[in-house]
>>> print(open('input_29.txt').read())   # compact mmCIF, C-alpha atoms
# COMPACT_ATOMS: atom_id res chain seq x y z
CA MET X 19 -5.39 -12.59 -8.69
CA SER X 20 -4.67 -9.00 -7.88
CA VAL X 21 -2.21 -7.12 -5.77
CA ILE X 22 -3.36 -6.16 -2.29
CA TYR X 23 -2.84 -2.50 -1.43
CA LEU X 24 -3.09 -2.67 2.34
CA LYS X 25 -4.73 0.44 3.79
CA SER X 26 -3.45 0.88 7.31
CA ALA X 27 -3.84 4.66 7.62
CA TYR X 28 -7.04 6.71 7.58
CA ASP X 29 -6.21 8.86 4.55
CA THR X 30 -7.82 8.04 1.22
CA PRO X 31 -5.31 6.43 -1.15
CA SER X 32 -3.99 8.50 -4.04
CA GLU X 33 -5.81 8.95 -7.34
CA THR X 34 -3.34 6.58 -9.01
CA VAL X 35 -4.10 3.87 -6.47
CA LEU X 36 -7.85 4.43 -6.80
CA GLU X 37 -7.59 4.19 -10.58
CA ALA X 38 -5.69 0.91 -10.31
CA ALA X 39 -8.35 -0.42 -7.95
CA ALA X 40 -11.10 0.64 -10.36
CA LYS X 41 -9.37 -1.38 -13.07
CA ALA X 42 -9.09 -4.35 -10.69
CA VAL X 43 -5.31 -4.33 -11.06
CA ILE X 44 -5.12 -3.98 -7.29
CA GLU X 45 -7.52 -4.47 -4.43
CA ILE X 46 -7.56 -1.94 -1.57
CA VAL X 47 -7.89 -3.93 1.65
CA GLU X 48 -8.32 -2.39 5.10
CA GLN X 49 -5.74 -3.57 7.61
CA VAL X 50 -8.33 -5.24 9.82
CA ASP X 51 -9.76 -7.11 6.82
CA LEU X 52 -6.49 -8.80 5.85
CA THR X 53 -6.93 -12.50 6.53
CA PRO X 54 -4.46 -15.30 5.77
CA GLU X 55 -6.81 -16.59 3.10
CA ARG X 56 -7.02 -13.23 1.42
CA LEU X 57 -3.26 -12.75 1.44
CA LEU X 58 -2.56 -16.20 0.04
CA ALA X 59 -5.06 -15.57 -2.75
CA SER X 60 -3.25 -12.41 -3.92
CA ARG X 61 -0.23 -12.10 -6.16
CA GLY X 62 1.45 -9.21 -4.38
CA LEU X 63 1.28 -6.94 -1.36
CA VAL X 64 2.00 -3.24 -0.89
CA THR X 65 2.13 -1.90 2.66
CA GLY X 66 2.56 1.64 3.97
CA ASN X 67 4.62 3.19 6.71
CA GLN X 68 1.78 2.87 9.23
CA LEU X 69 1.50 -0.87 8.78
CA ASP X 70 0.14 -2.77 11.77
CA GLN X 71 3.29 -4.76 12.46
CA ASN X 72 1.73 -6.54 15.42
CA ALA X 73 -0.96 -7.95 13.15
CA MET X 74 1.59 -8.85 10.47
CA PHE X 75 3.86 -10.51 13.03
CA GLY X 76 0.86 -12.59 14.03
CA MET X 77 0.54 -13.59 10.36
CA ARG X 78 4.24 -14.27 9.85
CA GLU X 79 3.75 -17.90 8.86
CA THR X 80 1.23 -16.85 6.25
CA LEU X 81 3.54 -14.08 5.06
CA ALA X 82 6.33 -16.60 4.62
CA ALA X 83 4.04 -19.01 2.76
CA PHE X 84 2.81 -16.16 0.57
CA LEU X 85 6.36 -15.28 -0.42
CA ASP X 86 7.44 -18.92 -0.71
CA ALA X 87 4.82 -19.19 -3.45
CA GLY X 88 6.84 -16.66 -5.42
CA ARG X 89 4.91 -13.52 -4.56
CA ARG X 90 6.13 -9.97 -3.97
CA TRP X 91 5.90 -7.61 -0.98
CA PHE X 92 6.66 -3.88 -1.28
CA LEU X 93 7.23 -2.59 2.23
CA ASN X 94 7.41 1.08 3.18
CA GLY X 95 8.54 2.28 6.56
CA HIS X 96 10.56 1.28 9.56
CA ILE X 97 10.64 -2.35 10.64
CA VAL X 98 10.08 -2.89 14.35
CA ARG X 99 8.67 -6.42 14.46
CA PRO X 100 10.48 -9.31 12.69
CA MET X 101 7.60 -10.06 10.36
CA LEU X 102 9.87 -12.38 8.33
CA ASP X 103 12.94 -14.37 9.33
CA GLY X 104 15.93 -12.25 8.39
CA MET X 105 14.28 -8.89 9.10
CA GLU X 106 15.87 -6.63 11.65
CA GLN X 107 14.81 -3.49 13.46
CA TYR X 108 15.16 -0.14 11.70
CA ARG X 109 18.41 1.72 12.41
CA PRO X 110 18.45 5.51 12.02
CA ILE X 111 21.63 7.32 11.04
CA GLN X 112 23.31 8.70 14.14
CA SER X 113 23.15 12.52 14.36
CA PRO X 114 22.60 12.97 10.62
CA ARG X 115 23.66 16.03 8.67
CA ARG X 116 22.51 17.21 5.27
CA ALA X 117 25.24 15.25 3.51
CA ASP X 118 23.83 12.06 5.03
CA PHE X 119 20.63 12.48 3.02
CA VAL X 120 22.22 12.56 -0.42
CA LEU X 121 20.58 9.71 -2.32
CA THR X 122 22.67 7.69 -4.76
CA PRO X 123 22.15 4.42 -6.60
CA LEU X 124 24.18 1.34 -5.72
CA ASN X 125 22.56 -1.39 -7.78
CA PRO X 126 20.08 0.33 -10.11
CA HIS X 127 16.57 -1.07 -10.00
CA PRO X 128 13.83 -0.74 -12.67
CA ILE X 129 11.55 1.10 -10.22
CA PHE X 130 13.94 4.05 -10.46
CA ALA X 131 14.84 3.75 -14.18
CA GLY X 132 15.16 7.17 -15.75
CA ILE X 133 14.46 9.00 -12.46
CA ASP X 134 16.98 11.54 -11.25
CA LEU X 135 17.30 10.61 -7.57
CA ARG X 136 17.92 14.27 -6.72
CA GLN X 137 14.27 14.86 -7.58
CA ILE X 138 13.07 12.48 -4.88
CA GLU X 139 15.78 13.31 -2.38
CA THR X 140 14.11 16.52 -1.23
CA ASN X 141 10.67 17.94 -0.67
CA LYS X 142 10.44 21.70 -1.29
CA GLY X 143 14.17 21.83 -0.96
CA VAL X 144 14.25 20.05 2.39
CA ALA X 145 16.04 16.70 2.67
CA GLY X 146 15.20 13.95 5.11
CA PHE X 147 11.69 13.12 3.99
CA TYR X 148 12.97 10.25 1.82
CA GLY X 149 14.70 8.37 4.56
CA ARG X 150 16.97 8.78 7.57
CA GLY X 151 18.30 5.28 8.08
CA CYS X 152 17.71 1.74 6.93
CA ASN X 153 16.08 -1.55 7.64
CA PRO X 154 19.26 -3.64 7.84
CA LEU X 155 19.97 -5.77 4.76
CA PRO X 156 18.77 -9.34 5.20
CA LYS X 157 21.30 -11.92 4.08
CA GLY X 158 21.26 -11.98 0.29
CA ALA X 159 19.43 -8.66 -0.11
CA VAL X 160 20.81 -6.16 -2.61
CA ALA X 161 21.13 -2.49 -1.70
CA VAL X 162 19.35 -0.45 -4.38
CA ASN X 163 19.82 3.13 -3.14
CA GLY X 164 21.98 4.52 -0.37
CA LEU X 165 22.06 7.61 1.80
CA GLY X 166 25.18 9.67 2.18
CA GLU X 167 28.78 8.74 1.64
CA ALA X 168 28.30 5.50 3.56
CA GLN X 169 25.41 4.59 1.25
CA VAL X 170 23.17 3.54 4.12
CA PRO X 171 20.85 1.13 2.27
CA VAL X 172 17.54 2.98 2.55
CA ASP X 173 16.17 0.89 -0.35
CA TRP X 174 16.88 -2.78 -0.93
CA ALA X 175 15.48 -5.73 -2.81
CA TRP X 176 15.61 -9.28 -1.49
CA ALA X 177 15.13 -12.55 -3.28
CA ARG X 178 14.31 -14.74 -0.30
CA PRO X 179 16.00 -18.13 -0.14
CA GLY X 180 12.59 -19.73 0.31
CA GLY X 181 11.09 -17.78 -2.57
CA GLY X 182 9.43 -14.50 -3.40
CA ARG X 183 10.84 -11.02 -3.31
CA VAL X 184 10.64 -8.16 -0.84
CA PHE X 185 11.41 -4.52 -1.58
CA SER X 186 12.06 -2.35 1.45
CA HIS X 187 11.91 1.44 1.42
CA ALA X 188 12.83 2.58 4.93
CA GLY X 189 11.13 5.93 4.97
CA ASN X 190 7.89 7.71 4.26
CA ASP X 191 5.92 5.98 1.54
CA LEU X 192 8.02 5.93 -1.63
CA ALA X 193 4.97 6.61 -3.78
CA ALA X 194 4.61 10.02 -2.11
CA MET X 195 8.11 11.16 -3.04
CA GLY X 196 9.05 13.52 -5.86
CA GLN X 197 5.90 15.60 -5.63
CA ASP X 198 7.77 18.76 -6.56
CA TRP X 199 8.45 17.10 -9.93
CA GLY X 200 5.15 15.31 -10.38
CA LEU X 201 6.80 11.92 -9.93
CA SER X 202 4.38 10.46 -7.41
CA PRO X 203 1.90 8.93 -9.90
CA GLU X 204 4.68 7.25 -11.91
CA LEU X 205 6.38 5.92 -8.78
CA THR X 206 3.02 4.60 -7.61
CA ARG X 207 2.42 2.78 -10.90
CA ARG X 208 5.89 1.25 -10.84
CA ILE X 209 5.48 0.05 -7.25
CA LEU X 210 2.12 -1.54 -8.00
CA ASP X 211 3.54 -3.11 -11.15
CA TRP X 212 6.54 -4.48 -9.29
CA ALA X 213 4.31 -5.96 -6.58
CA GLY X 214 2.35 -7.74 -9.31
CA GLY X 215 5.49 -9.37 -10.68
CA GLY X 216 6.88 -6.57 -12.82
CA ALA X 217 10.48 -5.78 -13.71
CA CYS X 218 13.01 -6.36 -10.95
CA LEU X 219 16.75 -6.99 -10.77
CA ASP X 220 17.18 -9.45 -13.58
CA PRO X 221 19.42 -11.36 -13.62
CA TRP X 222 19.81 -11.26 -9.86
CA PRO X 223 23.26 -9.73 -9.29
CA SER X 224 25.80 -12.32 -8.25
CA ASP X 225 28.25 -9.73 -6.87
CA PRO X 226 26.30 -6.55 -6.11
CA LEU X 227 27.86 -3.35 -4.90
CA ARG X 228 27.67 -3.17 -1.12
CA PRO X 229 27.41 -0.07 1.08
CA THR X 230 30.69 1.14 2.52
CA GLY X 231 29.10 0.95 5.97
CA SER X 232 31.29 3.68 7.41
CA ARG X 233 28.50 5.72 8.99
CA PRO X 234 27.43 4.95 12.56
CA LEU X 235 23.82 3.97 12.99
CA GLU X 236 21.81 4.13 16.19
CA GLU X 237 21.87 0.89 18.11
CA PRO X 238 18.70 -1.20 18.07
CA GLU X 239 16.28 -0.47 20.86
CA ILE X 240 15.02 -3.09 23.24
CA PHE X 241 11.29 -3.58 23.24
CA ALA X 242 9.92 -5.41 26.23
CA GLY X 243 7.14 -7.20 24.44
CA ALA X 244 4.39 -9.07 26.23
CA LYS X 245 4.68 -9.66 29.92
CA SER X 246 2.30 -10.41 32.73
CA VAL X 247 1.20 -7.41 34.73
CA PRO X 248 -1.17 -7.30 37.66
CA LEU X 249 -4.48 -5.56 37.15
CA ARG X 250 -4.60 -2.38 39.18
CA PRO X 251 -6.79 0.70 39.40
CA GLY X 252 -5.97 3.76 37.36
CA ARG X 253 -4.32 2.00 34.44
CA ILE X 254 -3.51 3.78 31.23
CA VAL X 255 -4.84 1.68 28.37
CA ALA X 256 -3.43 2.31 24.89
CA PRO X 257 -5.23 0.79 21.89
CA SER X 258 -2.18 0.22 19.71
CA VAL X 259 -2.60 -0.21 15.97
CA GLY X 260 0.91 -1.66 15.77
CA SER X 261 2.57 1.02 13.69
CA TYR X 262 6.29 1.68 14.17
CA HIS X 263 5.89 4.96 16.02
CA ILE X 264 3.19 3.65 18.36
CA ILE X 265 5.10 0.48 19.21
CA ARG X 266 8.27 2.48 19.77
CA ARG X 267 6.77 5.04 22.11
CA CYS X 268 4.36 2.77 23.98
CA ASP X 269 7.11 0.24 24.61
CA HIS X 270 9.39 3.07 25.75
CA ASP X 271 6.78 4.19 28.22
CA ALA X 272 6.13 0.61 29.45
CA GLY X 273 6.13 0.59 33.20
CA ARG X 274 5.24 4.26 33.29
CA ALA X 275 2.21 4.80 31.07
CA CYS X 276 1.76 1.60 29.01
CA GLU X 277 2.06 -1.98 30.17
CA ARG X 278 1.97 -5.01 27.99
CA ALA X 279 -0.93 -7.31 28.82
CA SER X 280 -0.20 -10.95 29.31
CA THR X 281 -1.31 -13.09 26.40
CA MET O 21 -1.67 -1.64 29.20
CA ILE O 22 -1.21 -2.04 25.46
CA THR O 23 -4.19 -3.54 23.70
CA THR O 24 -5.85 -3.00 20.32
CA PRO O 25 -8.89 -0.89 19.40
CA GLU O 26 -10.79 -4.08 18.65
CA GLU O 27 -10.18 -5.46 22.16
CA LEU O 28 -11.37 -2.39 24.08
CA ALA O 29 -14.80 -3.82 24.84
CA SER O 30 -13.23 -6.63 26.83
CA VAL O 31 -10.44 -4.57 28.36
CA LEU O 32 -11.57 -1.05 29.22
CA ARG O 33 -12.74 -0.37 32.78
CA PRO O 34 -14.27 2.88 34.13
CA ASP O 35 -11.22 3.70 36.25
CA ASP O 36 -8.88 3.31 33.25
CA THR O 37 -7.55 6.17 31.20
CA LEU O 38 -7.89 5.49 27.50
CA TRP O 39 -4.79 6.89 25.77
CA VAL O 40 -5.24 7.02 22.02
CA PRO O 41 -1.90 7.66 20.30
CA CYS O 42 -1.54 10.20 17.51
CA ARG O 43 -2.08 8.86 14.00
CA THR O 44 -4.34 6.12 15.20
CA PRO O 45 -6.41 5.52 12.06
CA ALA O 46 -9.91 6.73 12.76
CA GLN O 47 -11.54 3.81 10.96
CA ARG O 48 -10.28 1.53 13.75
CA MET O 49 -11.66 3.76 16.53
CA MET O 50 -15.03 4.60 15.00
CA PRO O 51 -16.46 1.10 15.63
CA GLN O 52 -15.50 1.59 19.30
CA ARG O 53 -17.41 4.84 19.60
CA GLN O 54 -20.18 3.50 21.84
CA ILE O 55 -17.75 1.70 24.13
CA ILE O 56 -15.80 4.94 24.52
CA ALA O 57 -18.98 6.95 25.09
CA SER O 58 -20.00 4.52 27.83
CA HIS O 59 -16.55 4.86 29.34
CA LEU O 60 -16.98 8.63 29.53
CA GLN O 61 -20.51 8.32 30.88
CA ALA O 62 -19.08 6.13 33.65
CA GLY O 63 -16.64 8.91 34.55
CA GLY O 64 -13.66 7.59 32.64
CA THR O 65 -10.85 9.59 31.05
CA VAL O 66 -9.82 9.65 27.39
CA VAL O 67 -6.64 11.19 26.00
CA ALA O 68 -6.69 11.63 22.22
CA LEU O 69 -3.67 13.04 20.41
CA GLY O 70 -3.45 14.51 16.95
CA GLU O 71 -4.07 13.14 13.48
CA SER O 72 -6.50 10.62 14.95
CA ARG O 73 -9.70 12.44 13.91
CA SER O 74 -11.05 12.20 17.42
CA ASP O 75 -14.06 14.19 16.21
CA LEU O 76 -15.21 11.01 14.45
CA TRP O 77 -15.31 8.82 17.58
CA LEU O 78 -15.57 11.15 20.59
CA PRO O 79 -18.50 13.37 21.59
CA SER O 80 -18.61 17.16 21.62
CA ILE O 81 -15.54 17.84 19.49
CA ASP O 82 -15.48 20.71 17.01
CA PHE O 83 -12.30 20.18 14.97
CA THR O 84 -11.00 22.00 11.94
CA GLU O 85 -8.22 20.43 9.92
CA THR O 86 -5.64 22.77 8.42
CA PRO O 87 -2.93 22.20 5.81
CA THR O 88 0.39 21.48 7.48
CA ASN O 89 3.32 23.79 6.84
CA TRP O 90 6.27 21.46 7.16
CA TRP O 91 8.76 24.16 6.18
CA TRP O 92 7.93 27.18 8.37
CA TRP O 93 11.15 26.75 10.34
CA ARG O 94 13.34 27.44 7.30
CA ASP O 95 13.05 31.12 8.07
CA ARG O 96 15.33 31.55 11.08
CA ASP O 97 13.14 34.33 12.44
CA ALA O 98 9.90 32.44 11.96
CA ASP O 99 7.68 31.65 14.92
CA LEU O 100 4.92 29.10 14.54
CA GLY O 101 3.07 31.09 17.17
CA VAL O 102 2.15 28.24 19.50
CA SER O 103 1.58 29.35 23.09
CA ILE O 104 1.16 27.54 26.38
CA VAL O 105 -1.74 29.52 27.81
CA ALA O 106 -2.04 27.56 31.06
CA PRO O 107 1.58 27.18 32.17
CA ASP O 108 0.53 26.36 35.74
CA HIS O 109 -1.71 23.49 34.69
CA PRO O 110 -0.33 20.17 35.97
CA LEU O 111 -0.24 18.71 32.44
CA MET O 112 2.08 21.48 31.26
CA ARG O 113 4.52 21.28 34.16
CA GLY O 114 8.11 21.71 33.03
CA MET O 115 7.17 22.61 29.46
CA VAL O 116 8.14 25.66 27.51
CA LYS O 117 6.81 26.94 24.22
CA GLU O 118 9.49 25.08 22.23
CA ASP O 119 8.26 21.75 23.63
CA VAL O 120 4.88 22.15 21.93
CA THR O 121 6.23 23.58 18.69
CA TRP O 122 6.89 21.46 15.61
CA HIS O 123 3.97 21.88 13.18
CA LEU O 124 0.21 21.98 13.27
CA HIS O 125 -2.55 19.85 11.78
CA GLY O 126 -5.63 21.72 12.96
CA TRP O 127 -7.44 23.35 15.84
CA PHE O 128 -10.47 22.93 18.07
CA MET O 129 -13.39 25.04 19.16
CA PRO O 130 -13.70 23.70 22.72
CA PRO O 131 -16.97 23.88 24.65
CA ALA O 132 -17.54 26.60 27.23
CA GLY O 133 -15.97 25.55 30.49
CA ALA O 134 -13.13 23.57 28.95
CA ASP O 135 -9.56 24.29 30.06
CA VAL O 136 -7.45 25.38 27.11
CA LEU O 137 -3.77 24.59 27.67
CA ALA O 138 -2.11 25.52 24.36
CA THR O 139 -3.11 27.56 21.35
CA ASP O 140 -1.92 28.30 17.84
CA ALA O 141 -0.89 31.69 16.46
CA GLU O 142 -4.52 32.70 16.06
CA GLY O 143 -5.32 31.82 19.66
CA ARG O 144 -7.21 28.67 18.70
CA ALA O 145 -7.06 25.65 20.99
CA ILE O 146 -4.65 22.85 20.09
CA LEU O 147 -4.61 21.18 23.52
CA TYR O 148 -7.45 21.29 26.03
CA VAL O 149 -9.20 19.42 28.83
CA ASP O 150 -12.95 18.91 28.67
CA GLU O 151 -14.62 17.96 31.93
CA VAL O 152 -17.94 19.53 31.10
CA SER O 153 -19.33 17.68 28.10
CA THR O 154 -19.54 14.27 29.77
CA PRO O 155 -19.35 12.90 33.31
CA GLY O 156 -15.83 11.86 32.37
CA ARG O 157 -12.79 13.76 31.16
CA MET O 158 -11.33 14.23 27.70
CA ILE O 159 -7.80 15.51 27.09
CA LEU O 160 -7.55 16.45 23.45
CA SER O 161 -4.82 17.71 21.17
CA THR O 162 -4.10 18.21 17.51
CA LEU O 163 -0.39 17.70 18.22
CA ASP O 164 1.16 14.45 16.95
CA PRO O 165 4.27 13.89 19.05
CA MET O 166 4.47 10.12 18.89
CA PHE O 167 4.63 9.86 15.12
CA HIS O 168 7.50 12.31 14.87
CA HIS O 169 9.27 10.94 17.92
CA GLY O 170 9.13 7.67 15.98
CA SER O 171 10.68 9.40 12.99
CA HIS O 172 13.79 10.12 15.07
CA PHE O 173 14.28 13.72 14.05
CA MET O 174 11.98 16.14 15.84
CA PRO O 175 13.47 16.57 19.30
CA ALA O 176 10.60 18.81 20.40
CA THR O 177 8.24 15.84 20.13
CA THR O 178 10.47 13.73 22.34
CA ARG O 179 10.71 16.56 24.88
CA PHE O 180 6.92 16.97 24.83
CA LEU O 181 6.30 13.27 25.50
CA ASP O 182 9.04 13.05 28.13
CA ARG O 183 7.18 15.76 30.06
CA PHE O 184 3.56 15.10 29.13
CA VAL O 185 3.51 11.39 29.97
CA PRO O 186 4.77 11.72 33.57
CA ASN O 187 2.66 14.86 34.01
CA LEU O 188 -0.36 12.90 32.85
CA LYS O 189 0.29 10.06 35.24
CA ALA O 190 0.67 12.46 38.16
CA TYR O 191 -2.43 14.36 37.10
CA LEU O 192 -4.53 11.20 36.85
CA HIS O 193 -3.44 9.99 40.25
CA ALA O 194 -3.75 13.35 42.01
>>> encode(input="input_29.txt", output="structure tokens")
Amino acid sequence: MSVIYLKSAYDTPSETVLEAAAKAVIEIVEQVDLTPERLLASRGLVTGNQLDQNAMFGMRETLAAFLDAGRRWFLNGHIVRPMLDGMEQYRPIQSPRRADFVLTPLNPHPIFAGIDLRQIETNKGVAGFYGRGCNPLPKGAVAVNGLGEAQVPVDWAWARPGGGRVFSHAGNDLAAMGQDWGLSPELTRRILDWAGGGACLDPWPSDPLRPTGSRPLEEPEIFAGAKSVPLRPGRIVAPSVGSYHIIRRCDHDAGRACERAST
Amino acid sequence: MITTPEELASVLRPDDTLWVPCRTPAQRMMPQRQIIASHLQAGGTVVALGESRSDLWLPSIDFTETPTNWWWWRDRDADLGVSIVAPDHPLMRGMVKEDVTWHLHGWFMPPAGADVLATDAEGRAILYVDEVSTPGRMILSTLDPMFHHGSHFMPATTRFLDRFVPNLKAYLHA
């Protein structure tokens, strides 16, 4: 059994990912080729920030069964569909300033062992690439790293009550961080290792540090979802691949440029 | 109407406008190439935004990818050099230069007869309308406003979409 590296974007995966695939440690699977059978046959899943969340929402029962069997899911990006019970929509920091992007550890995790978080906080001296908000902590999840004084939990790990573990990095793909310091290959290896059952919070903290929560976050947005619309001439038809940014904008423009088809 | 690339064959009609969002992975559009070509042959309209490699699934596109300078704005006096060269075009109504300025991913060499709406610092097309290559119409850009609107921190991308989308609807129904 190998870890599935789900390829949702067009870009070729990194050299480190390709090497892992060549060694059969992972299997690179195109988004459209992910079937329930294939997921259930793997031992871990890594998804990127352009994940097709519509497709994954459609597979939510399989996702739950996959994790219930004790598997791991490393998730990059902003959650917009509740692909698992307990997941909530991404919440950006309200009107962030530079100080809101300072990255600090709350409950140190092996993925970041020995890494100076200042080296992944910025990209060519500019902060904000790492993350600008959080996927809210599911009940029982442990905040790993926080942003700013409020320690907005941009990274968290979750031992699901039903089984399995999820790691959420609410930003651009974690494996692409730290390029100024050559950290990307090592981060990639650690993420793939974790997804395959590697070192995690152990023992699971019984009383983890929690974010102070003093920083306002944007309120969740309301997405209309599917509704019946009459066919009419001159429609605008958007072939959505279910990524966060496409769902967010197409749903925003619903009624003006995009309309949800009835299912 | 929101659908998926894989459902286009059963959904797309000639009087529809196909709006392909930026950062739509090209490998999901390439299998739909013939359906889209038929749509254009039937007089249909296609809008394809940036980072979607439209050159891989649309006809008559000459696209050059360029490295993206994410940090040009750090110099307070810097100017990315983007220009709206057709300010009176209906698609550009209400827009100023700052609404099409965030960063660039490439440029086009449009066919003769195409309407170029915005260019980069070297005068190369980054947004244009092609009504000459097919019986239909293609509106093409290398700009990727939706991805960065989704990232919650590039207000220019939100301004662009808040103007471009209603302009597009008015333009299509004119």
>>> residues_around(input="input_29.txt", residues="segment 30-43 of chain X", least_positions_apart="2", cutoff="7 Å", atoms="all atoms listed in the file", output="PDB file with C-alpha atoms, in the coordinates of the input")
ATOM      1  CA  SER X  20      -4.670  -9.000  -7.880  1.00  0.00           C
ATOM      2  CA  VAL X  21      -2.210  -7.120  -5.770  1.00  0.00           C
ATOM      3  CA  TYR X  28      -7.040   6.710   7.580  1.00  0.00           C
ATOM      4  CA  GLU X  45      -7.520  -4.470  -4.430  1.00  0.00           C
ATOM      5  CA  ILE X  46      -7.560  -1.940  -1.570  1.00  0.00           C
ATOM      6  CA  PRO X 203       1.900   8.930  -9.900  1.00  0.00           C
ATOM      7  CA  THR X 206       3.020   4.600  -7.610  1.00  0.00           C
TER       8      THR X 206
END
>>> atom_distance(input="input_29.txt", atom1="atom CA of Pro165 of chain O", atom2="atom CA of Arg73 of chain O")
15.0 Å
>>> atom_distance(input="input_29.txt", atom1="atom CA of Ser30 of chain O", atom2="atom CA of Ile56 of chain O")
12.1 Å
>>> residues_around(input="input_29.txt", residues="Glu118 of chain O", least_positions_apart="5", cutoff="12 Å", atoms="all atoms listed in the file", output="MDAnalysis selection string")
chainID O and resid 99:104 123 138 174:180
>>> residues_around(input="input_29.txt", residues="Ile111 of chain X", least_positions_apart="6", cutoff="9 Å", atoms="only C-alpha atoms", output="compact mmCIF listing (two decimals) with C-alpha atoms, in the frame of the given file")
# COMPACT_ATOMS: atom_id res chain seq x y z
CA ASP X 118 23.83 12.06 5.03
CA ARG X 150 16.97 8.78 7.57
CA GLY X 151 18.30 5.28 8.08
CA CYS X 152 17.71 1.74 6.93
CA VAL X 170 23.17 3.54 4.12
CA ARG X 233 28.50 5.72 8.99
CA PRO X 234 27.43 4.95 12.56
CA LEU X 235 23.82 3.97 12.99
CA GLU X 236 21.81 4.13 16.19
>>> closest_residue(input="input_29.txt", among="O:Leu111, O:Met49, O:Val152, O:Leu124", to="Ala68 of chain O", atoms="all atoms listed in the file")
O:Met49
